[in-house]
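Novice: Pasting coords-v7.cif here (mmCIF, C-alpha atoms, pLDDT in the B column; chains and numbers go by the auth columns):
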```
data_entry
loop_
_atom_site.group_PDB
_atom_site.id
_atom_site.type_symbol
_atom_site.label_atom_id
_atom_site.label_comp_id
_atom_site.label_asym_id
_atom_site.label_seq_id
_atom_site.Cartn_x
_atom_site.Cartn_y
_atom_site.Cartn_z
_atom_site.B_iso_or_equiv
_atom_site.auth_seq_id
_atom_site.auth_asym_id
ATOM 1 C CA MET A 1 -24.942 34.726 -28.785 45.00 22 Q
ATOM 2 C CA GLN A 2 -25.444 31.174 -30.010 50.00 23 Q
ATOM 3 C CA ASP A 3 -22.704 28.635 -30.684 46.00 24 Q
ATOM 4 C CA ASP A 4 -23.334 28.826 -34.441 49.00 25 Q
ATOM 5 C CA GLU A 5 -22.743 32.586 -34.356 50.00 26 Q
ATOM 6 C CA LEU A 6 -19.361 31.961 -32.709 50.00 27 Q
ATOM 7 C CA GLY A 7 -18.349 29.566 -35.481 53.00 28 Q
ATOM 8 C CA PHE A 8 -18.945 26.333 -33.574 51.00 29 Q
ATOM 9 C CA ARG A 9 -20.506 23.930 -36.018 56.00 30 Q
ATOM 10 C CA GLN A 10 -22.189 20.964 -34.385 56.00 31 Q
ATOM 11 C CA GLU A 11 -19.534 18.434 -35.426 55.00 32 Q
ATOM 12 C CA LEU A 12 -16.716 20.651 -34.080 49.00 33 Q
ATOM 13 C CA LYS A 13 -18.609 21.371 -30.888 47.00 34 Q
ATOM 14 C CA LYS A 14 -19.173 17.648 -30.341 48.00 35 Q
ATOM 15 C CA ARG A 15 -15.549 16.759 -31.059 49.00 36 Q
ATOM 16 C CA PHE A 16 -13.708 19.491 -29.168 46.00 37 Q
ATOM 17 C CA ILE A 17 -16.110 20.714 -26.500 47.00 38 Q
ATOM 18 C CA GLU A 18 -18.526 17.946 -25.577 53.00 39 Q
ATOM 19 C CA GLY A 19 -16.545 14.846 -26.466 58.00 40 Q
ATOM 20 C CA PRO A 20 -17.996 11.528 -27.566 61.00 41 Q
ATOM 21 C CA SER A 21 -21.098 10.055 -25.979 64.00 42 Q
ATOM 22 C CA LEU A 22 -21.246 6.628 -24.382 64.00 43 Q
ATOM 23 C CA GLU A 23 -23.070 5.406 -27.487 71.00 44 Q
ATOM 24 C CA ASP A 24 -20.146 6.599 -29.651 70.00 45 Q
ATOM 25 C CA CYS A 25 -17.768 4.571 -27.474 74.00 46 Q
ATOM 26 C CA SER A 26 -19.698 1.310 -27.260 71.00 47 Q
ATOM 27 C CA GLU A 27 -16.864 -0.772 -28.762 73.00 48 Q
ATOM 28 C CA GLU A 28 -14.290 0.602 -26.302 75.00 49 Q
ATOM 29 C CA ILE A 29 -16.688 0.116 -23.396 74.00 50 Q
ATOM 30 C CA SER A 30 -17.311 -3.499 -24.395 72.00 51 Q
ATOM 31 C CA ASN A 31 -13.535 -4.136 -24.225 75.00 52 Q
ATOM 32 C CA ILE A 32 -13.166 -2.868 -20.642 75.00 53 Q
ATOM 33 C CA GLU A 33 -14.165 -6.159 -19.088 71.00 54 Q
ATOM 34 C CA ASP A 34 -11.644 -8.100 -21.177 71.00 55 Q
ATOM 35 C CA THR A 35 -8.858 -5.555 -20.711 73.00 56 Q
ATOM 36 C CA TYR A 36 -9.112 -4.639 -17.026 72.00 57 Q
ATOM 37 C CA LEU A 37 -11.641 -6.845 -15.316 76.00 58 Q
ATOM 38 C CA LYS A 38 -10.817 -10.351 -16.500 74.00 59 Q
ATOM 39 C CA ASN A 39 -9.436 -11.195 -13.034 72.00 60 Q
ATOM 40 C CA ILE A 40 -12.389 -9.658 -11.208 73.00 61 Q
ATOM 41 C CA ASN A 41 -15.482 -10.731 -13.128 66.00 62 Q
ATOM 42 C CA ASP A 42 -15.404 -14.261 -11.690 66.00 63 Q
ATOM 43 C CA LEU A 43 -15.682 -12.977 -8.123 71.00 64 Q
ATOM 44 C CA LYS A 44 -18.922 -13.408 -6.180 70.00 65 Q
ATOM 45 C CA GLY A 45 -21.502 -10.718 -6.833 75.00 66 Q
ATOM 46 C CA TYR A 46 -19.754 -9.208 -9.859 81.00 67 Q
ATOM 47 C CA SER A 47 -21.827 -6.805 -11.937 87.00 68 Q
ATOM 48 C CA TRP A 48 -20.999 -4.286 -14.670 84.00 69 Q
ATOM 49 C CA ASP A 49 -22.856 -1.004 -15.258 85.00 70 Q
ATOM 50 C CA ASP A 50 -21.989 0.110 -18.794 78.00 71 Q
ATOM 51 C CA LYS A 51 -23.804 3.448 -18.323 81.00 72 Q
ATOM 52 C CA LYS A 52 -21.806 4.531 -15.259 84.00 73 Q
ATOM 53 C CA LEU A 53 -18.679 2.550 -16.273 83.00 74 Q
ATOM 54 C CA VAL A 54 -18.530 0.886 -12.859 87.00 75 Q
ATOM 55 C CA ALA A 55 -17.856 -2.731 -11.949 86.00 76 Q
ATOM 56 C CA SER A 56 -19.130 -3.845 -8.530 90.00 77 Q
ATOM 57 C CA VAL A 57 -18.047 -6.889 -6.566 89.00 78 Q
ATOM 58 C CA GLU A 58 -19.054 -8.269 -3.181 88.00 79 Q
ATOM 59 C CA ILE A 59 -15.790 -9.330 -1.537 88.00 80 Q
ATOM 60 C CA SER A 60 -17.400 -10.450 1.704 88.00 81 Q
ATOM 61 C CA ASN A 61 -20.584 -9.818 3.677 88.00 82 Q
ATOM 62 C CA SER A 62 -19.025 -6.651 5.060 92.00 83 Q
ATOM 63 C CA LYS A 63 -16.884 -5.404 2.155 94.00 84 Q
ATOM 64 C CA LYS A 64 -17.781 -4.303 -1.354 93.00 85 Q
ATOM 65 C CA LEU A 65 -15.546 -3.173 -4.203 92.00 86 Q
ATOM 66 C CA LYS A 66 -16.335 -0.687 -6.988 92.00 87 Q
ATOM 67 C CA VAL A 67 -14.022 -0.146 -9.972 88.00 88 Q
ATOM 68 C CA THR A 68 -14.682 3.040 -11.969 85.00 89 Q
ATOM 69 C CA PHE A 69 -13.409 3.966 -15.425 81.00 90 Q
ATOM 70 C CA ILE A 70 -12.986 7.506 -16.727 77.00 91 Q
ATOM 71 C CA PRO A 71 -12.477 9.092 -20.157 70.00 92 Q
ATOM 72 C CA SER A 72 -8.866 9.888 -20.959 69.00 93 Q
ATOM 73 C CA GLY A 73 -8.206 12.723 -23.384 66.00 94 Q
ATOM 74 C CA ASN A 74 -10.262 13.187 -26.515 65.00 95 Q
ATOM 75 C CA GLY A 75 -12.067 10.364 -28.195 66.00 96 Q
ATOM 76 C CA CYS A 76 -13.202 7.121 -26.659 69.00 97 Q
ATOM 77 C CA HIS A 77 -10.058 6.135 -24.780 71.00 98 Q
ATOM 78 C CA LEU A 78 -11.077 4.999 -21.297 71.00 99 Q
ATOM 79 C CA LYS A 79 -8.727 4.280 -18.433 75.00 100 Q
ATOM 80 C CA LEU A 80 -8.918 2.885 -14.969 76.00 101 Q
ATOM 81 C CA GLY A 81 -9.961 5.713 -12.691 78.00 102 Q
ATOM 82 C CA PHE A 82 -10.372 4.747 -9.091 84.00 103 Q
ATOM 83 C CA ILE A 83 -11.200 1.788 -6.963 90.00 104 Q
ATOM 84 C CA LYS A 84 -13.387 2.070 -3.893 93.00 105 Q
ATOM 85 C CA PHE A 85 -13.773 -0.367 -1.006 95.00 106 Q
ATOM 86 C CA ILE A 86 -16.948 0.093 1.028 96.00 107 Q
ATOM 87 C CA VAL A 87 -16.803 -1.215 4.605 95.00 108 Q
ATOM 88 C CA PRO A 88 -18.923 -0.850 7.773 94.00 109 Q
ATOM 89 C CA ASN A 89 -18.551 2.425 9.665 87.00 110 Q
ATOM 90 C CA SER A 90 -16.968 0.498 12.563 89.00 111 Q
ATOM 91 C CA PHE A 91 -13.958 -0.233 10.292 90.00 112 Q
ATOM 92 C CA SER A 92 -11.183 2.302 10.973 84.00 113 Q
ATOM 93 C CA TYR A 93 -7.973 2.944 9.091 82.00 114 Q
ATOM 94 C CA GLN A 94 -5.821 3.157 12.217 80.00 115 Q
ATOM 95 C CA GLU A 95 -6.944 -0.274 13.437 88.00 116 Q
ATOM 96 C CA ASN A 96 -6.945 -1.898 9.965 89.00 117 Q
ATOM 97 C CA LYS A 97 -3.998 -0.275 8.178 85.00 118 Q
ATOM 98 C CA LYS A 98 -2.489 -3.617 7.105 90.00 119 Q
ATOM 99 C CA GLU A 99 -5.809 -4.817 5.656 93.00 120 Q
ATOM 100 C CA VAL A 100 -6.258 -1.545 3.729 90.00 121 Q
ATOM 101 C CA ILE A 101 -2.730 -1.771 2.272 89.00 122 Q
ATOM 102 C CA ASP A 102 -3.220 -5.484 1.483 93.00 123 Q
ATOM 103 C CA ASP A 103 -6.488 -4.665 -0.318 93.00 124 Q
ATOM 104 C CA PHE A 104 -4.759 -1.968 -2.370 90.00 125 Q
ATOM 105 C CA LEU A 105 -2.031 -4.458 -3.337 91.00 126 Q
ATOM 106 C CA TRP A 106 -4.531 -7.234 -4.104 91.00 127 Q
ATOM 107 C CA VAL A 107 -6.763 -5.135 -6.350 89.00 128 Q
ATOM 108 C CA SER A 108 -3.808 -3.414 -8.038 88.00 129 Q
ATOM 109 C CA GLU A 109 -2.420 -6.807 -9.002 88.00 130 Q
ATOM 110 C CA LEU A 110 -5.799 -7.742 -10.482 84.00 131 Q
ATOM 111 C CA VAL A 111 -6.349 -4.634 -12.621 83.00 132 Q
ATOM 112 C CA LEU A 112 -2.935 -3.126 -13.434 84.00 133 Q
ATOM 113 C CA ASN A 113 -0.249 -4.217 -15.826 83.00 134 Q
ATOM 114 C CA GLU A 114 2.931 -5.679 -14.327 90.00 135 Q
ATOM 115 C CA LYS A 115 4.955 -2.444 -14.498 86.00 136 Q
ATOM 116 C CA GLU A 116 2.242 -0.399 -12.769 84.00 137 Q
ATOM 117 C CA TYR A 117 1.647 -3.086 -10.161 87.00 138 Q
ATOM 118 C CA ASN A 118 5.376 -3.299 -9.390 88.00 139 Q
ATOM 119 C CA LEU A 119 5.447 0.458 -8.759 82.00 140 Q
ATOM 120 C CA ILE A 120 2.505 0.209 -6.341 82.00 141 Q
ATOM 121 C CA SER A 121 3.898 -2.878 -4.644 86.00 142 Q
ATOM 122 C CA LYS A 122 7.370 -1.387 -4.149 82.00 143 Q
ATOM 123 C CA THR A 123 5.936 1.830 -2.748 78.00 144 Q
ATOM 124 C CA LEU A 124 3.481 0.158 -0.362 80.00 145 Q
ATOM 125 C CA ASN A 125 5.799 -2.627 0.786 80.00 146 Q
ATOM 126 C CA THR A 126 8.653 -0.233 1.577 77.00 147 Q
ATOM 127 C CA GLU A 127 6.229 2.236 3.159 70.00 148 Q
ATOM 128 C CA ALA A 128 7.557 4.934 0.814 64.00 149 Q
ATOM 129 C CA TYR A 129 4.389 6.973 0.982 66.00 150 Q
ATOM 130 C CA LEU A 130 3.137 10.049 2.740 63.00 151 Q
ATOM 131 C CA ILE A 131 0.073 9.960 4.996 67.00 152 Q
ATOM 132 C CA THR A 132 -1.667 13.158 5.983 66.00 153 Q
ATOM 133 C CA ASN A 133 -4.737 13.454 8.142 65.00 154 Q
ATOM 134 C CA ALA A 134 -7.464 15.690 6.792 57.00 155 Q
ATOM 135 C CA ASN A 135 -8.954 15.355 10.261 61.00 156 Q
ATOM 136 C CA GLU A 136 -8.860 12.659 12.916 62.00 157 Q
ATOM 137 C CA GLU A 137 -11.205 10.399 10.930 61.00 158 Q
ATOM 138 C CA ASN A 138 -10.000 10.773 7.333 63.00 159 Q
ATOM 139 C CA ASP A 139 -6.576 9.987 5.908 61.00 160 Q
ATOM 140 C CA PHE A 140 -4.971 10.886 2.599 63.00 161 Q
ATOM 141 C CA ILE A 141 -2.178 8.635 1.296 62.00 162 Q
ATOM 142 C CA SER A 142 0.047 9.866 -1.521 61.00 163 Q
ATOM 143 C CA LEU A 143 2.280 7.470 -3.450 57.00 164 Q
ATOM 144 C CA PHE A 144 4.795 8.893 -5.916 55.00 165 Q
ATOM 145 C CA ASP A 145 7.305 7.427 -8.308 51.00 166 Q
ATOM 146 C CA GLU A 146 9.914 10.184 -8.077 51.00 167 Q
ATOM 147 C CA GLU A 147 11.658 9.128 -11.292 52.00 168 Q
ATOM 148 C CA LYS A 148 8.586 9.239 -13.524 51.00 169 Q
ATOM 149 C CA MET A 149 6.416 11.594 -11.452 46.00 170 Q
ATOM 150 C CA GLU A 150 3.495 9.223 -11.827 58.00 171 Q
ATOM 151 C CA SER A 151 1.386 8.972 -8.757 67.00 172 Q
ATOM 152 C CA VAL A 152 -1.365 7.201 -6.976 73.00 173 Q
ATOM 153 C CA MET A 153 -3.610 8.778 -4.400 77.00 174 Q
ATOM 154 C CA ALA A 154 -5.457 6.859 -1.739 80.00 175 Q
ATOM 155 C CA PHE A 155 -8.101 8.033 0.685 82.00 176 Q
ATOM 156 C CA PHE A 156 -9.811 6.703 3.769 84.00 177 Q
ATOM 157 C CA GLU A 157 -13.093 8.449 4.557 85.00 178 Q
ATOM 158 C CA LYS A 158 -15.479 8.010 7.445 83.00 179 Q
ATOM 159 C CA LYS A 159 -19.050 8.307 6.234 83.00 180 Q
ATOM 160 C CA GLU A 160 -22.349 8.295 8.069 83.00 181 Q
ATOM 161 C CA LYS A 161 -23.537 4.854 6.895 89.00 182 Q
ATOM 162 C CA ASN A 162 -20.213 3.215 6.016 92.00 183 Q
ATOM 163 C CA ASN A 163 -16.547 3.963 5.545 91.00 184 Q
ATOM 164 C CA VAL A 164 -14.763 4.041 2.221 91.00 185 Q
ATOM 165 C CA TYR A 165 -11.175 3.633 1.188 90.00 186 Q
ATOM 166 C CA SER A 166 -10.238 4.400 -2.376 89.00 187 Q
ATOM 167 C CA ILE A 167 -7.215 4.307 -4.614 87.00 188 Q
ATOM 168 C CA LEU A 168 -6.924 6.634 -7.612 82.00 189 Q
ATOM 169 C CA TYR A 169 -4.420 5.735 -10.323 77.00 190 Q
ATOM 170 C CA LEU A 170 -2.800 8.692 -12.113 71.00 191 Q
ATOM 171 C CA PHE A 171 -0.542 6.894 -14.572 63.00 192 Q
ATOM 172 C CA LYS A 172 0.457 8.656 -17.767 59.00 193 Q
#
```
Represent the structure of the file as structure tokens.
Specialist:
Amino acid sequence: MQDDELGFRQELKKRFIEGPSLEDCSEEISNIEDTYLKNINDLKGYSWDDKKLVASVEISNSKKLKVTFIPSGNGCHLKLGFIKFIVPNSFSYQENKKEVIDDFLWVSELVLNEKEYNLISKTLNTEAYLITNANEENDFISLFDEEKMESVMAFFEKKEKNNVYSILYLFK
């Protein structure tokens, strides 16, 4: 049975099932750099991929940063999705916990509004977070604001070529 036989006209299918295309959202995409990345785009090695919605930055010779945006709800509303730090595979979370937390604070201050940053900062600085080990090499860090039930998830993953630590913002 085809979509038309089920009553899905093309414009309804596009709006409620498929969502808008990147071409439909070109104006919103062009505002991402001004809205979220104004404090990042001056950093060395900054580049923006408007097809993948990813900003990349070389922080140092051994550390790279990727900021990814995701669709939020229907329409062209985009929000900050997750931030990934890529480091050499010799970099471990257990030996570099302070640097990982400092990086999360640093990048959160650059891309979040003051209220969101204050939530992250308070949680990380008071160590009010839960760390679970998926295995001896990977860690999962969960940060919750108990009052608002907004959360942030962070991961440290050992990979074959490099290690990655990421922070995923789940603000309402």
Novice: Within 7 Å of Ile80 (chain Q), counting only C-alpha atoms, which residues qualify if same-chain residues fewer than 5 places away don't, as a VMD selection string?
Specialist: chain Q and resid 65 85 to 86
Novice: Could you list as a PDB file with C-alpha atoms, in the frame of the given file every residue that has an atom within 8 Å of (-20.4, 2.4, 5.9), using the file's coordinates and counting only C-alpha atoms?
Specialist:
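This went into out_16.pdb:
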```pdb
ATOM      1  CA  ILE Q 107     -16.948   0.093   1.028  1.00 96.00           C
ATOM      2  CA  VAL Q 108     -16.803  -1.215   4.605  1.00 95.00           C
ATOM      3  CA  PRO Q 109     -18.923  -0.850   7.773  1.00 94.00           C
ATOM      4  CA  ASN Q 110     -18.551   2.425   9.665  1.00 87.00           C
ATOM      5  CA  SER Q 111     -16.968   0.498  12.563  1.00 89.00           C
ATOM      6  CA  LYS Q 179     -15.479   8.010   7.445  1.00 83.00           C
ATOM      7  CA  LYS Q 180     -19.050   8.307   6.234  1.00 83.00           C
ATOM      8  CA  GLU Q 181     -22.349   8.295   8.069  1.00 83.00           C
ATOM      9  CA  LYS Q 182     -23.537   4.854   6.895  1.00 89.00           C
ATOM     10  CA  ASN Q 183     -20.213   3.215   6.016  1.00 92.00           C
ATOM     11  CA  ASN Q 184     -16.547   3.963   5.545  1.00 91.00           C
ATOM     12  CA  VAL Q 185     -14.763   4.041   2.221  1.00 91.00           C
TER      13      VAL Q 185
END
```
Novice: Check the smallest atom-to-atom distance from each of Q:Phe112, Q:Gly66, Q:Leu145, Q:Asp55 to Ser83 (chain Q) using all atoms listed in the file, then report the winner.
Specialist: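 With all atoms listed in the file as the atom set, the closest residue is Q:Phe112.
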Novice: Tell me, in Å to one decimal, how far CA of Phe106 (chain Q) is from CA of Leu74 (chain Q).
Specialist: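 So the answer is 16.3 Å.
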Novice: Quick one: of Q:Lys119, Q:Lys59, Q:Lys136, Q:Lys100, who's nearest to Glu148 (chain Q), counting all atoms listed in the file?
Specialist: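 For Glu148 (chain Q), the nearest of the candidates is Q:Lys119.
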Novice: Just to confirm, what's the straight-line distance from CA of Trp127 (chain Q) to CA of Cys46 (chain Q) in Å (one decimal)?
Specialist: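 Distance reported for this atom pair: 29.3 Å.
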Novice: Could you please determine the separation between CA of Phe176 (chain Q) and CA of Leu64 (chain Q) in Å, to one decimal place?
Specialist: 24.0 Å
Novice: Would you fill the gaps in region 67-88 of chain Q so it has N, CA and C atoms, then print it as a short mmCIF file (atom, residue, chain, number, x, y, z; two decimals), in the coordinates of the input?
Specialist:
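result-v1.cif was written with the following content:
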```
data_model
loop_
_atom_site.label_atom_id
_atom_site.label_comp_id
_atom_site.auth_asym_id
_atom_site.auth_seq_id
_atom_site.Cartn_x
_atom_site.Cartn_y
_atom_site.Cartn_z
N TYR Q 67 -20.26 -10.13 -8.84
CA TYR Q 67 -19.75 -9.21 -9.86
C TYR Q 67 -20.89 -8.69 -10.74
N SER Q 68 -20.89 -7.39 -10.98
CA SER Q 68 -21.83 -6.80 -11.94
C SER Q 68 -21.14 -5.64 -12.64
N TRP Q 69 -21.58 -5.35 -13.85
CA TRP Q 69 -21.00 -4.29 -14.67
C TRP Q 69 -22.10 -3.33 -15.09
N ASP Q 70 -21.91 -2.04 -14.84
CA ASP Q 70 -22.86 -1.00 -15.26
C ASP Q 70 -22.21 -0.23 -16.40
N ASP Q 71 -22.64 -0.52 -17.64
CA ASP Q 71 -21.99 0.11 -18.79
C ASP Q 71 -22.45 1.55 -19.02
N LYS Q 72 -23.39 2.03 -18.24
CA LYS Q 72 -23.80 3.45 -18.32
C LYS Q 72 -22.93 4.31 -17.41
N LYS Q 73 -22.64 3.79 -16.22
CA LYS Q 73 -21.81 4.53 -15.26
C LYS Q 73 -20.34 4.14 -15.36
N LEU Q 74 -20.04 3.08 -16.12
CA LEU Q 74 -18.68 2.55 -16.27
C LEU Q 74 -18.10 2.11 -14.93
N VAL Q 75 -18.91 1.35 -14.19
CA VAL Q 75 -18.53 0.89 -12.86
C VAL Q 75 -18.76 -0.62 -12.75
N ALA Q 76 -17.73 -1.32 -12.28
CA ALA Q 76 -17.86 -2.73 -11.95
C ALA Q 76 -18.00 -2.83 -10.44
N SER Q 77 -18.91 -3.67 -9.96
CA SER Q 77 -19.13 -3.84 -8.53
C SER Q 77 -18.93 -5.31 -8.18
N VAL Q 78 -18.32 -5.54 -7.02
CA VAL Q 78 -18.05 -6.89 -6.57
C VAL Q 78 -18.27 -6.95 -5.06
N GLU Q 79 -18.91 -8.02 -4.61
CA GLU Q 79 -19.05 -8.27 -3.18
C GLU Q 79 -17.88 -9.14 -2.76
N ILE Q 80 -16.97 -8.58 -1.98
CA ILE Q 80 -15.79 -9.33 -1.54
C ILE Q 80 -16.13 -10.22 -0.35
N SER Q 81 -16.93 -9.69 0.55
CA SER Q 81 -17.40 -10.45 1.70
C SER Q 81 -18.73 -9.84 2.13
N ASN Q 82 -19.32 -10.38 3.19
CA ASN Q 82 -20.58 -9.82 3.68
C ASN Q 82 -20.43 -8.38 4.14
N SER Q 83 -19.22 -7.99 4.51
CA SER Q 83 -19.02 -6.65 5.06
C SER Q 83 -18.15 -5.75 4.18
N LYS Q 84 -17.76 -6.22 3.00
CA LYS Q 84 -16.88 -5.40 2.15
C LYS Q 84 -17.30 -5.53 0.70
N LYS Q 85 -17.45 -4.35 0.07
CA LYS Q 85 -17.78 -4.30 -1.35
C LYS Q 85 -16.70 -3.52 -2.09
N LEU Q 86 -16.56 -3.80 -3.37
CA LEU Q 86 -15.55 -3.17 -4.20
C LEU Q 86 -16.23 -2.57 -5.42
N LYS Q 87 -15.84 -1.34 -5.77
CA LYS Q 87 -16.34 -0.69 -6.99
C LYS Q 87 -15.13 -0.20 -7.78
N VAL Q 88 -15.10 -0.55 -9.07
CA VAL Q 88 -14.02 -0.15 -9.97
C VAL Q 88 -14.63 0.79 -11.01
#
```
